[in-house]
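**Q** What follows is model_28.pdb; its format and atoms are PDB, C-alpha atoms (C1' of nucleotides).
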```pdb
ATOM      1  CA  MET A1288      -7.938  29.449  -1.893
ATOM      2  CA  SER A1289      -6.969  28.751   1.606
ATOM      3  CA  THR A1290      -7.137  30.916   4.656
ATOM      4  CA  ARG A1291      -6.615  28.169   7.175
ATOM      5  CA  GLY A1292      -3.912  26.677   5.027
ATOM      6  CA  GLU A1293      -1.954  29.865   4.725
ATOM      7  CA  ARG A1294      -2.268  30.465   8.410
ATOM      8  CA  THR A1295      -0.808  27.045   9.124
ATOM      9  CA  GLN A1296       2.035  27.722   6.732
ATOM     10  CA  ALA A1297       2.805  30.978   8.472
ATOM     11  CA  GLN A1298       2.779  29.254  11.848
ATOM     12  CA  VAL A1299       5.080  26.485  10.645
ATOM     13  CA  LEU A1300       7.461  28.976   9.108
ATOM     14  CA  ALA A1301       7.464  31.029  12.315
ATOM     15  CA  VAL A1302       8.377  27.982  14.354
ATOM     16  CA  LEU A1303      11.202  27.091  11.981
ATOM     17  CA  ARG A1304      12.543  30.634  12.048
ATOM     18  CA  LYS A1305      12.605  30.645  15.827
ATOM     19  CA  HIS A1306      15.216  27.892  15.719
ATOM     20  CA  GLU A1307      18.439  27.841  13.804
ATOM     21  CA  CYS A1308      18.599  24.093  14.073
ATOM     22  CA  PRO A1309      16.577  21.838  11.850
ATOM     23  CA  LEU A1310      13.330  20.559  13.284
ATOM     24  CA  SER A1311      11.504  17.356  12.529
ATOM     25  CA  ALA A1312       7.920  17.536  11.397
ATOM     26  CA  TYR A1313       6.842  16.160  14.738
ATOM     27  CA  GLN A1314       8.809  18.734  16.672
ATOM     28  CA  ILE A1315       6.975  21.415  14.717
ATOM     29  CA  LEU A1316       3.741  19.630  15.392
ATOM     30  CA  ALA A1317       4.498  19.539  19.101
ATOM     31  CA  GLU A1318       5.043  23.303  19.196
ATOM     32  CA  LEU A1319       1.910  24.073  17.272
ATOM     33  CA  SER A1320      -0.095  21.663  19.366
ATOM     34  CA  ARG A1321       0.166  24.030  22.294
ATOM     35  CA  ASP A1322      -2.113  26.486  20.558
ATOM     36  CA  ASN A1323      -4.100  23.958  18.638
ATOM     37  CA  PRO A1324      -4.140  20.595  20.406
ATOM     38  CA  LYS A1325      -6.037  18.951  17.587
ATOM     39  CA  MET A1326      -3.435  19.580  14.922
ATOM     40  CA  ALA A1327      -2.394  16.391  13.119
ATOM     41  CA  PRO A1328       0.652  15.308  11.100
ATOM     42  CA  PRO A1329      -0.852  15.764   7.620
ATOM     43  CA  THR A1330      -1.555  19.405   8.385
ATOM     44  CA  VAL A1331       2.096  19.994   9.167
ATOM     45  CA  TYR A1332       3.335  17.982   6.216
ATOM     46  CA  ARG A1333       1.035  19.820   3.827
ATOM     47  CA  ALA A1334       2.223  23.157   5.127
ATOM     48  CA  LEU A1335       5.823  22.025   4.786
ATOM     49  CA  ALA A1336       5.222  20.826   1.248
ATOM     50  CA  ALA A1337       3.762  24.198   0.289
ATOM     51  CA  LEU A1338       6.609  26.069   1.952
ATOM     52  CA  MET A1339       9.180  23.931   0.183
ATOM     53  CA  LYS A1340       7.472  24.535  -3.139
ATOM     54  CA  GLN A1341       7.744  28.259  -2.486
ATOM     55  CA  GLY A1342      11.360  27.822  -1.440
ATOM     56  CA  HIS A1343      10.853  29.125   2.070
ATOM     57  CA  VAL A1344      11.818  25.834   3.628
ATOM     58  CA  HIS A1345      14.416  23.207   2.844
ATOM     59  CA  ARG A1346      14.205  19.584   3.706
ATOM     60  CA  LEU A1347      17.286  17.882   5.080
ATOM     61  CA  GLU A1348      17.039  14.419   3.632
ATOM     62  CA  SER A1349      19.851  13.045   5.699
ATOM     63  CA  LEU A1350      18.174  14.123   8.932
ATOM     64  CA  ASN A1351      14.501  13.860   8.066
ATOM     65  CA  ALA A1352      14.188  17.434   9.207
ATOM     66  CA  PHE A1353      13.367  20.889   7.942
ATOM     67  CA  VAL A1354      14.902  24.362   8.109
ATOM     68  CA  ALA A1355      13.728  27.801   7.100
ATOM     69  CA  CYS A1356      15.551  29.147   4.083
ATOM     70  CA  LYS A1357      17.827  31.953   5.149
ATOM     71  CA  CYS A1358      18.613  33.308   1.711
ATOM     72  CA  ASP A1359      16.616  36.248   0.526
ATOM     73  CA  VAL A1360      16.541  34.725  -2.889
ATOM     74  CA  HIS A1361      14.915  31.392  -2.473
ATOM     75  CA  GLN A1362      17.105  29.205  -4.579
ATOM     76  CA  ARG A1363      16.096  25.654  -5.102
ATOM     77  CA  ALA A1364      19.568  24.247  -5.576
ATOM     78  CA  SER A1365      21.737  25.079  -2.625
ATOM     79  CA  ILE A1366      24.404  23.352  -0.629
ATOM     80  CA  LEU A1367      23.426  22.655   2.949
ATOM     81  CA  SER A1368      26.246  22.281   5.436
ATOM     82  CA  ILE A1369      25.222  20.718   8.689
ATOM     83  CA  CYS A1370      27.279  20.939  11.856
ATOM     84  CA  ASN A1371      27.347  17.605  13.644
ATOM     85  CA  ASN A1372      28.216  19.353  16.862
ATOM     86  CA  CYS A1373      25.750  22.202  17.255
ATOM     87  CA  GLY A1374      23.253  21.242  14.592
ATOM     88  CA  THR A1375      23.182  24.559  12.771
ATOM     89  CA  VAL A1376      22.719  24.518   9.046
ATOM     90  CA  ALA A1377      24.272  26.939   6.590
ATOM     91  CA  GLU A1378      23.210  27.469   3.027
ATOM     92  CA  SER A1379      25.578  28.103   0.150
ATOM     93  CA  VAL A1380      24.499  28.918  -3.351
ATOM     94  CA  GLU A1381      27.135  27.931  -5.863
ATOM     95  CA  PRO A1382      25.809  28.110  -9.400
ATOM     96  CA  GLU A1383      29.179  27.215 -10.896
ATOM     97  CA  LEU A1384      29.545  24.060  -8.898
ATOM     98  CA  MET A1385      25.983  23.096  -9.726
ATOM     99  CA  SER A1386      26.417  23.576 -13.441
ATOM    100  CA  GLN A1387      29.656  21.649 -13.262
ATOM    101  CA  LEU A1388      27.848  18.822 -11.525
ATOM    102  CA  SER A1389      25.105  18.883 -14.123
ATOM    103  CA  SER A1390      27.556  18.826 -16.991
ATOM    104  CA  ILE A1391      29.454  15.911 -15.502
ATOM    105  CA  LEU A1392      26.261  13.910 -15.212
ATOM    106  CA  SER A1393      24.921  14.890 -18.599
ATOM    107  CA  LYS A1394      28.036  13.405 -20.156
ATOM    108  CA  SER A1395      26.595  10.023 -19.312
ATOM    109  CA  GLY A1396      23.174  11.078 -20.544
ATOM    110  CA  PHE A1397      21.667  11.854 -17.181
ATOM    111  CA  GLU A1398      19.351  14.846 -16.953
ATOM    112  CA  PRO A1399      19.179  16.208 -13.433
ATOM    113  CA  THR A1400      15.953  17.626 -12.087
ATOM    114  CA  ARG A1401      16.640  17.877  -8.391
ATOM    115  CA  HIS A1402      19.846  18.176  -6.398
ATOM    116  CA  VAL A1403      20.348  16.963  -2.871
ATOM    117  CA  ILE A1404      23.671  18.223  -1.542
ATOM    118  CA  GLU A1405      24.153  17.952   2.170
ATOM    119  CA  VAL A1406      27.548  18.106   3.793
ATOM    120  CA  HIS A1407      28.018  17.035   7.385
ATOM    121  CA  GLY A1408      30.939  18.323   9.379
ATOM    122  CA  ARG A1409      31.969  20.900  11.890
ATOM    123  CA  CYS A1410      31.115  24.555  11.613
ATOM    124  CA  ALA A1411      33.559  27.409  12.222
ATOM    125  CA  ALA A1412      32.170  28.191  15.658
ATOM    126  CA  CYS A1413      32.446  24.613  16.873
ATOM    127  CA  GLY A1414      35.796  24.020  15.197
ATOM    128  CA  ASP A1415      37.424  26.553  17.478
ATOM    129  CA  GLU A1416      36.260  24.907  20.654
ATOM    130  CA  ALA A1417      37.689  21.742  22.100
ATOM    131  CA  SER A1418      35.962  18.754  20.553
ATOM    132  CA  PRO A1419      33.496  17.191  22.953
TER
ATOM    133  CA  MET B1039      33.984 -11.897  16.229
ATOM    134  CA  SER B1040      30.844 -12.748  14.396
ATOM    135  CA  THR B1041      29.999 -15.708  12.285
ATOM    136  CA  ARG B1042      26.279 -15.175  12.262
ATOM    137  CA  GLY B1043      26.788 -11.475  11.680
ATOM    138  CA  GLU B1044      29.024 -11.915   8.685
ATOM    139  CA  ARG B1045      26.632 -14.404   7.217
ATOM    140  CA  THR B1046      23.814 -11.883   7.518
ATOM    141  CA  GLN B1047      25.950  -9.215   5.912
ATOM    142  CA  ALA B1048      26.714 -11.523   3.003
ATOM    143  CA  GLN B1049      23.041 -12.320   2.587
ATOM    144  CA  VAL B1050      22.053  -8.661   2.651
ATOM    145  CA  LEU B1051      24.744  -7.790   0.135
ATOM    146  CA  ALA B1052      23.643 -10.620  -2.119
ATOM    147  CA  VAL B1053      20.075  -9.377  -2.086
ATOM    148  CA  LEU B1054      21.174  -5.846  -2.913
ATOM    149  CA  ARG B1055      23.367  -7.077  -5.756
ATOM    150  CA  LYS B1056      20.499  -9.027  -7.264
ATOM    151  CA  HIS B1057      18.674  -5.745  -7.877
ATOM    152  CA  GLU B1058      19.938  -2.671  -9.634
ATOM    153  CA  CYS B1059      17.312  -0.564  -7.968
ATOM    154  CA  PRO B1060      17.641   0.611  -4.408
ATOM    155  CA  LEU B1061      15.864  -1.459  -1.811
ATOM    156  CA  SER B1062      14.440  -0.390   1.501
ATOM    157  CA  ALA B1063      15.563  -2.168   4.626
ATOM    158  CA  TYR B1064      12.158  -3.788   4.851
ATOM    159  CA  GLN B1065      12.301  -5.060   1.284
ATOM    160  CA  ILE B1066      15.597  -6.714   2.134
ATOM    161  CA  LEU B1067      14.064  -8.065   5.289
ATOM    162  CA  ALA B1068      11.146  -9.500   3.308
ATOM    163  CA  GLU B1069      13.506 -11.359   0.970
ATOM    164  CA  LEU B1070      15.600 -12.765   3.766
ATOM    165  CA  SER B1071      12.520 -13.728   5.729
ATOM    166  CA  ARG B1072      11.821 -16.469   3.210
ATOM    167  CA  ASP B1073      14.825 -18.408   4.427
ATOM    168  CA  ASN B1074      14.724 -17.166   7.971
ATOM    169  CA  PRO B1075      11.198 -16.207   8.975
ATOM    170  CA  LYS B1076      12.332 -14.971  12.372
ATOM    171  CA  MET B1077      14.660 -12.276  11.058
ATOM    172  CA  ALA B1078      13.913  -8.863  12.523
ATOM    173  CA  PRO B1079      14.628  -5.244  11.484
ATOM    174  CA  PRO B1080      17.619  -4.635  13.770
ATOM    175  CA  THR B1081      19.437  -7.572  12.215
ATOM    176  CA  VAL B1082      19.085  -6.037   8.777
ATOM    177  CA  TYR B1083      19.963  -2.558   9.969
ATOM    178  CA  ARG B1084      23.059  -3.805  11.753
ATOM    179  CA  ALA B1085      24.202  -5.660   8.664
ATOM    180  CA  LEU B1086      23.583  -2.560   6.558
ATOM    181  CA  ALA B1087      25.526  -0.393   8.991
ATOM    182  CA  ALA B1088      28.493  -2.750   8.813
ATOM    183  CA  LEU B1089      28.337  -2.912   5.022
ATOM    184  CA  MET B1090      28.180   0.873   4.784
ATOM    185  CA  LYS B1091      31.163   1.187   7.067
ATOM    186  CA  GLN B1092      33.070  -1.110   4.735
ATOM    187  CA  GLY B1093      31.860   0.859   1.738
ATOM    188  CA  HIS B1094      30.048  -2.056   0.137
ATOM    189  CA  VAL B1095      26.679  -0.381   0.439
ATOM    190  CA  HIS B1096      25.464   3.169   0.023
ATOM    191  CA  ARG B1097      22.478   4.661   1.684
ATOM    192  CA  LEU B1098      20.208   6.855  -0.376
ATOM    193  CA  GLU B1099      19.103   9.445   2.124
ATOM    194  CA  SER B1100      16.501  10.936  -0.137
ATOM    195  CA  LEU B1101      14.816   7.573  -0.651
ATOM    196  CA  ASN B1102      15.429   5.839   2.656
ATOM    197  CA  ALA B1103      16.889   3.018   0.658
ATOM    198  CA  PHE B1104      20.127   1.169   0.038
ATOM    199  CA  VAL B1105      22.181   0.060  -2.957
ATOM    200  CA  ALA B1106      25.230  -2.123  -3.377
ATOM    201  CA  CYS B1107      28.328  -0.175  -4.316
ATOM    202  CA  LYS B1108      29.207  -0.906  -7.908
ATOM    203  CA  CYS B1109      32.647   0.613  -7.882
ATOM    204  CA  ASP B1110      35.555  -1.732  -7.371
ATOM    205  CA  VAL B1111      37.179   0.893  -5.266
ATOM    206  CA  HIS B1112      34.769   1.570  -2.481
ATOM    207  CA  GLN B1113      34.871   5.313  -2.305
ATOM    208  CA  ARG B1114      33.029   6.983   0.458
ATOM    209  CA  ALA B1115      32.351  10.216  -1.348
ATOM    210  CA  SER B1116      30.514   9.558  -4.562
ATOM    211  CA  ILE B1117      27.751  11.193  -6.502
ATOM    212  CA  LEU B1118      24.629   9.115  -6.742
ATOM    213  CA  SER B1119      22.360   9.830  -9.676
ATOM    214  CA  ILE B1120      18.905   8.390  -9.308
ATOM    215  CA  CYS B1121      16.520   7.938 -12.205
ATOM    216  CA  ASN B1122      13.020   8.960 -11.236
ATOM    217  CA  ASN B1123      11.626   6.838 -14.022
ATOM    218  CA  CYS B1124      13.266   3.431 -13.744
ATOM    219  CA  GLY B1125      14.815   3.796 -10.306
ATOM    220  CA  THR B1126      18.327   2.795 -11.253
ATOM    221  CA  VAL B1127      21.187   4.442  -9.458
ATOM    222  CA  ALA B1128      24.548   5.320 -10.963
ATOM    223  CA  GLU B1129      27.662   6.181  -9.052
ATOM    224  CA  SER B1130      30.167   8.800 -10.118
ATOM    225  CA  VAL B1131      33.409   9.476  -8.382
ATOM    226  CA  GLU B1132      34.599  13.009  -8.983
ATOM    227  CA  PRO B1133      37.505  13.903  -6.725
ATOM    228  CA  GLU B1134      37.910  17.317  -8.311
ATOM    229  CA  LEU B1135      34.345  18.331  -7.709
ATOM    230  CA  MET B1136      34.543  17.050  -4.166
ATOM    231  CA  SER B1137      37.675  18.956  -3.341
ATOM    232  CA  GLN B1138      36.169  22.043  -4.913
ATOM    233  CA  LEU B1139      33.121  21.622  -2.716
ATOM    234  CA  SER B1140      35.298  21.162   0.324
ATOM    235  CA  SER B1141      37.346  24.238  -0.431
ATOM    236  CA  ILE B1142      34.244  26.360  -0.928
ATOM    237  CA  LEU B1143      32.914  25.293   2.439
ATOM    238  CA  SER B1144      36.212  25.625   4.246
ATOM    239  CA  LYS B1145      36.307  29.276   3.213
ATOM    240  CA  SER B1146      33.581  29.833   5.760
ATOM    241  CA  GLY B1147      35.391  27.660   8.273
ATOM    242  CA  PHE B1148      33.358  24.537   7.756
ATOM    243  CA  GLU B1149      35.180  21.219   7.914
ATOM    244  CA  PRO B1150      33.335  18.509   6.003
ATOM    245  CA  THR B1151      33.349  14.962   7.237
ATOM    246  CA  ARG B1152      30.617  13.379   5.182
ATOM    247  CA  HIS B1153      29.135  14.223   1.813
ATOM    248  CA  VAL B1154      25.620  13.429   0.731
ATOM    249  CA  ILE B1155      25.229  14.135  -2.957
ATOM    250  CA  GLU B1156      22.185  12.681  -4.612
ATOM    251  CA  VAL B1157      20.878  13.906  -7.911
ATOM    252  CA  HIS B1158      17.430  12.971  -9.106
ATOM    253  CA  GLY B1159      16.591  13.055 -12.759
ATOM    254  CA  ARG B1160      16.247  10.916 -15.820
ATOM    255  CA  CYS B1161      18.852   8.432 -16.920
ATOM    256  CA  ALA B1162      20.080   8.023 -20.486
ATOM    257  CA  ALA B1163      18.019   4.906 -21.124
ATOM    258  CA  CYS B1164      14.780   6.513 -19.955
ATOM    259  CA  GLY B1165      15.520   9.833 -21.611
ATOM    260  CA  ASP B1166      15.293   8.234 -25.034
ATOM    261  CA  GLU B1167      11.868   6.775 -24.472
ATOM    262  CA  ALA B1168       8.656   8.719 -24.476
ATOM    263  CA  SER B1169       7.998  10.103 -21.046
ATOM    264  CA  PRO B1170       5.308   8.143 -19.234
TER
ATOM    265  C1'  DG C1479     -30.054  34.748  -3.152
ATOM    266  C1'  DG C1480     -30.014  29.666  -3.650
ATOM    267  C1'  DC C1481     -27.980  25.599  -5.920
ATOM    268  C1'  DC C1482     -24.078  22.925  -7.161
ATOM    269  C1'  DG C1483     -19.419  21.630  -8.607
ATOM    270  C1'  DT C1484     -14.583  22.100  -7.374
ATOM    271  C1'  DT C1485     -10.896  22.541  -4.337
ATOM    272  C1'  DG C1486      -8.409  21.795  -0.506
ATOM    273  C1'  DC C1487      -8.386  21.372   4.584
ATOM    274  C1'  DG C1488      -9.104  18.527   8.956
ATOM    275  C1'  DT C1489      -9.248  14.167  10.762
ATOM    276  C1'  DT C1490      -8.769   9.218  11.417
ATOM    277  C1'  DA C1491      -6.287   5.552  10.753
ATOM    278  C1'  DC C1492      -2.560   3.174   9.284
ATOM    279  C1'  DA C1493       1.815   2.142   6.609
ATOM    280  C1'  DG C1494       6.713   2.438   6.536
ATOM    281  C1'  DT C1495      11.260   3.430   8.808
ATOM    282  C1'  DA C1496      14.321   2.930  12.598
ATOM    283  C1'  DT C1497      16.146   1.960  17.208
ATOM    284  C1'  DA C1498      16.245   1.220  22.540
ATOM    285  C1'  DA C1499      16.845  -2.246  25.562
ATOM    286  C1'  DC C1500      17.365  -6.624  27.299
ATOM    287  C1'  DG C1501      18.656 -11.544  27.354
ATOM    288  C1'  DT C1502      21.801 -14.722  25.645
ATOM    289  C1'  DA C1503      25.108 -17.150  22.811
ATOM    290  C1'  DA C1504      29.912 -17.239  21.459
ATOM    291  C1'  DC C1505      34.544 -16.447  22.141
ATOM    292  C1'  DG C1506      38.950 -15.467  24.783
ATOM    293  C1'  DT C1507      41.457 -15.719  29.223
ATOM    294  C1'  DA C1508      42.991 -17.660  33.313
TER
ATOM    295  C1'  DT D1356      35.501 -24.865  34.072
ATOM    296  C1'  DA D1357      34.529 -20.265  35.593
ATOM    297  C1'  DC D1358      34.379 -15.607  34.261
ATOM    298  C1'  DG D1359      34.382 -11.295  31.495
ATOM    299  C1'  DT D1360      33.617  -9.229  27.074
ATOM    300  C1'  DT D1361      31.408  -8.650  22.849
ATOM    301  C1'  DA D1362      28.038  -8.648  19.671
ATOM    302  C1'  DC D1363      23.890 -10.994  18.104
ATOM    303  C1'  DG D1364      18.742 -12.109  18.293
ATOM    304  C1'  DT D1365      14.448 -10.625  19.872
ATOM    305  C1'  DT D1366      10.746  -7.877  21.655
ATOM    306  C1'  DA D1367       8.737  -3.884  21.808
ATOM    307  C1'  DT D1368       8.134   0.648  20.684
ATOM    308  C1'  DA D1369       9.324   5.244  18.875
ATOM    309  C1'  DC D1370       9.554   8.077  14.938
ATOM    310  C1'  DT D1371       8.338   9.479  10.119
ATOM    311  C1'  DG D1372       5.065   9.872   6.584
ATOM    312  C1'  DT D1373       0.654   9.244   3.893
ATOM    313  C1'  DA D1374      -3.984   7.181   2.114
ATOM    314  C1'  DA D1375      -8.526   8.146   2.303
ATOM    315  C1'  DC D1376     -12.715  10.087   3.627
ATOM    316  C1'  DG D1377     -15.896  13.832   4.944
ATOM    317  C1'  DC D1378     -16.765  18.455   5.264
ATOM    318  C1'  DA D1379     -16.198  23.452   4.756
ATOM    319  C1'  DA D1380     -15.217  27.273   1.794
ATOM    320  C1'  DC D1381     -15.186  29.462  -2.448
ATOM    321  C1'  DG D1382     -16.804  30.446  -7.250
ATOM    322  C1'  DG D1383     -19.931  29.946 -11.273
ATOM    323  C1'  DC D1384     -24.500  29.589 -12.792
ATOM    324  C1'  DC D1385     -29.404  30.034 -12.804
TER
END
```
Mind turning the file's structure into structure tokens?
**A**
Amino acid sequence: MSTRGERTQAQVLAVLRKHECPLSAYQILAELSRDNPKMAPPTVYRALAALMKQGHVHRLESLNAFVACKCDVHQRASILSICNNCGTVAESVEPELMSQLSSILSKSGFEPTRHVIEVHGRCAACGDEASP
Amino acid sequence: MSTRGERTQAQVLAVLRKHECPLSAYQILAELSRDNPKMAPPTVYRALAALMKQGHVHRLESLNAFVACKCDVHQRASILSICNNCGTVAESVEPELMSQLSSILSKSGFEPTRHVIEVHGRCAACGDEASP
DNA sequence: GGCCGTTGCGTTACAGTATAACGTAACGTA
DNA sequence: TACGTTACGTTATACTGTAACGCAACGGCC
């Protein structure tokens, strides 16, 4: 088992939790490099991969970035809504919608294994303000 | 207006239509480089951006790749189902599901502007075969 | 305890993806 | 023709991600 590995994962997760906005792998790397200047990309990516497997972290495919999962239950299939204005990401778990999606696709014989649902737009907080 | 630009767009679209699988920008570039060895990445990316704006091409965020739109009506919000086995991509247009998604999100004050829905799995053709 | 296989981490180096920035060609206007 | 505008080609470089190798750490066996 890993001790170093788990420590890195904890550090990466801590960095992600400090921000509400998604961070790129290299932004995480930059933060961790302060303490450990020799840290390299694969270390961060491996930690992220482990954290995603555990469900503690989600990857935003449309941004090439990562966020800490905010749900207590770490669902794998969630809807990520991304504010184009402030960058915050919200998670919604909608089992009904997901099963509906799956059943639509299975009608044409497609068996889903992984869902990527990312919606860009404007969050409630930013919607109230004047649009910059 | 562009003459060169439109020609590039047509070439890029032709390359994408030749394949049913998604192609990366650099795969497209490699094909077009046969005729025009001096073609560079920005040329391809600009053509792809224009084609996406027109709805002729979709970007697969989770693959960093592009496919030609197969629908006659070039919808912006479609569901892309990607076979992990053979790589083919199918498009489904499901207005009901989309509006349902939008209404769920707008309950929390989120206003969607762009939907990224990509489902990975196994297509009908590959599902029948033994799994390699 | 000492030896050895397995596992996974750190590190180097590089592959793949994307864009900033600048010069210039092409077109419209006067 | 001279000039302004627009968008294209080109160079260079930034950003994102991973292959591959060596070593350290742990566990089983003698």
**Q** Which residues, written as a ChimeraX atom specification, have at least one atom at most 7 Å from Gly1408 of chain A, with only C-alpha atoms (C1' of nucleotides) counted and residues fewer than 4 positions away on the same chain left out?
**A** /A:1369-1371 /B:1148-1152
**Q** How would you write, as a PyMOL selection string, the residues chosen by the PyMOL selection byres ((chain A and resi 1383) around 12) on this structure?
**A** (chain A and resi 1364-1366+1379-1382+1384-1390) or (chain B and resi 1135+1138-1139+1142)
**Q** Taking all atoms listed in the file into account, which of B:Met1077, B:Ala1128, B:Leu1070, B:Ala1106 comes nearest chain D?
**A**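 Among the listed residues, B:Met1077 lies closest to chain D.
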**Q** Please write out, as JSON, where the centre of an axis-aligned box around all listed atoms of segment 1390-1394 of chain A lies and how long its edges are, in Å to one decimal, after adding 8 Å on each side.
**A**
```
{"center_x": 27.2, "center_y": 16.1, "center_z": -17.7, "size_x": 20.5, "size_y": 21.4, "size_z": 20.9}
```
**Q** Could you please give me, as a short mmCIF file (atom, residue, chain, number, x, y, z; two decimals) with C-alpha atoms (C1' of nucleotides), keeping the file's coordinate frame, the residues of protein, DNA or RNA lying at most 10 Å from (5.0, 1.6, 6.3) in the coordinate frame of the file, considering all atoms listed in the file?
**A**
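Everything below was put into result.cif:
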```cif
data_model
loop_
_atom_site.label_atom_id
_atom_site.label_comp_id
_atom_site.auth_asym_id
_atom_site.auth_seq_id
_atom_site.Cartn_x
_atom_site.Cartn_y
_atom_site.Cartn_z
CA TYR B 1064 12.16 -3.79 4.85
"C1'" DC C 1492 -2.56 3.17 9.28
"C1'" DA C 1493 1.82 2.14 6.61
"C1'" DG C 1494 6.71 2.44 6.54
"C1'" DT C 1495 11.26 3.43 8.81
"C1'" DT D 1371 8.34 9.48 10.12
"C1'" DG D 1372 5.07 9.87 6.58
"C1'" DT D 1373 0.65 9.24 3.89
#
```
**Q** Please, could N, CA and C atoms be added to segment 1374-1388 of chain A and the result written as a short mmCIF file (atom, residue, chain, number, x, y, z; two decimals), in the frame of the given file?
**A**
```
data_model
loop_
_atom_site.label_atom_id
_atom_site.label_comp_id
_atom_site.auth_asym_id
_atom_site.auth_seq_id
_atom_site.Cartn_x
_atom_site.Cartn_y
_atom_site.Cartn_z
N GLY A 1374 24.49 21.46 15.33
CA GLY A 1374 23.25 21.24 14.59
C GLY A 1374 22.86 22.35 13.64
N THR A 1375 23.57 23.46 13.66
CA THR A 1375 23.18 24.56 12.77
C THR A 1375 23.44 24.20 11.31
N VAL A 1376 22.65 24.79 10.47
CA VAL A 1376 22.72 24.52 9.05
C VAL A 1376 23.01 25.81 8.30
N ALA A 1377 23.97 25.77 7.42
CA ALA A 1377 24.27 26.94 6.59
C ALA A 1377 23.95 26.62 5.14
N GLU A 1378 23.56 27.65 4.42
CA GLU A 1378 23.21 27.47 3.03
C GLU A 1378 24.24 28.16 2.15
N SER A 1379 24.69 27.46 1.12
CA SER A 1379 25.58 28.10 0.15
C SER A 1379 24.97 27.93 -1.23
N VAL A 1380 24.97 28.99 -1.97
CA VAL A 1380 24.50 28.92 -3.35
C VAL A 1380 25.71 29.03 -4.25
N GLU A 1381 25.94 28.00 -5.02
CA GLU A 1381 27.14 27.93 -5.86
C GLU A 1381 26.74 27.51 -7.27
N PRO A 1382 26.31 28.45 -8.06
CA PRO A 1382 25.81 28.11 -9.40
C PRO A 1382 26.87 27.41 -10.25
N GLU A 1383 28.12 27.82 -10.08
CA GLU A 1383 29.18 27.22 -10.90
C GLU A 1383 29.34 25.73 -10.59
N LEU A 1384 29.39 25.46 -9.31
CA LEU A 1384 29.54 24.06 -8.90
C LEU A 1384 28.38 23.23 -9.40
N MET A 1385 27.18 23.81 -9.30
CA MET A 1385 25.98 23.10 -9.73
C MET A 1385 26.02 22.80 -11.22
N SER A 1386 26.42 23.79 -11.99
CA SER A 1386 26.42 23.58 -13.44
C SER A 1386 27.51 22.58 -13.82
N GLN A 1387 28.59 22.61 -13.04
CA GLN A 1387 29.66 21.65 -13.26
C GLN A 1387 29.16 20.23 -13.00
N LEU A 1388 28.43 20.11 -11.88
CA LEU A 1388 27.85 18.82 -11.52
C LEU A 1388 26.91 18.35 -12.62
#
```
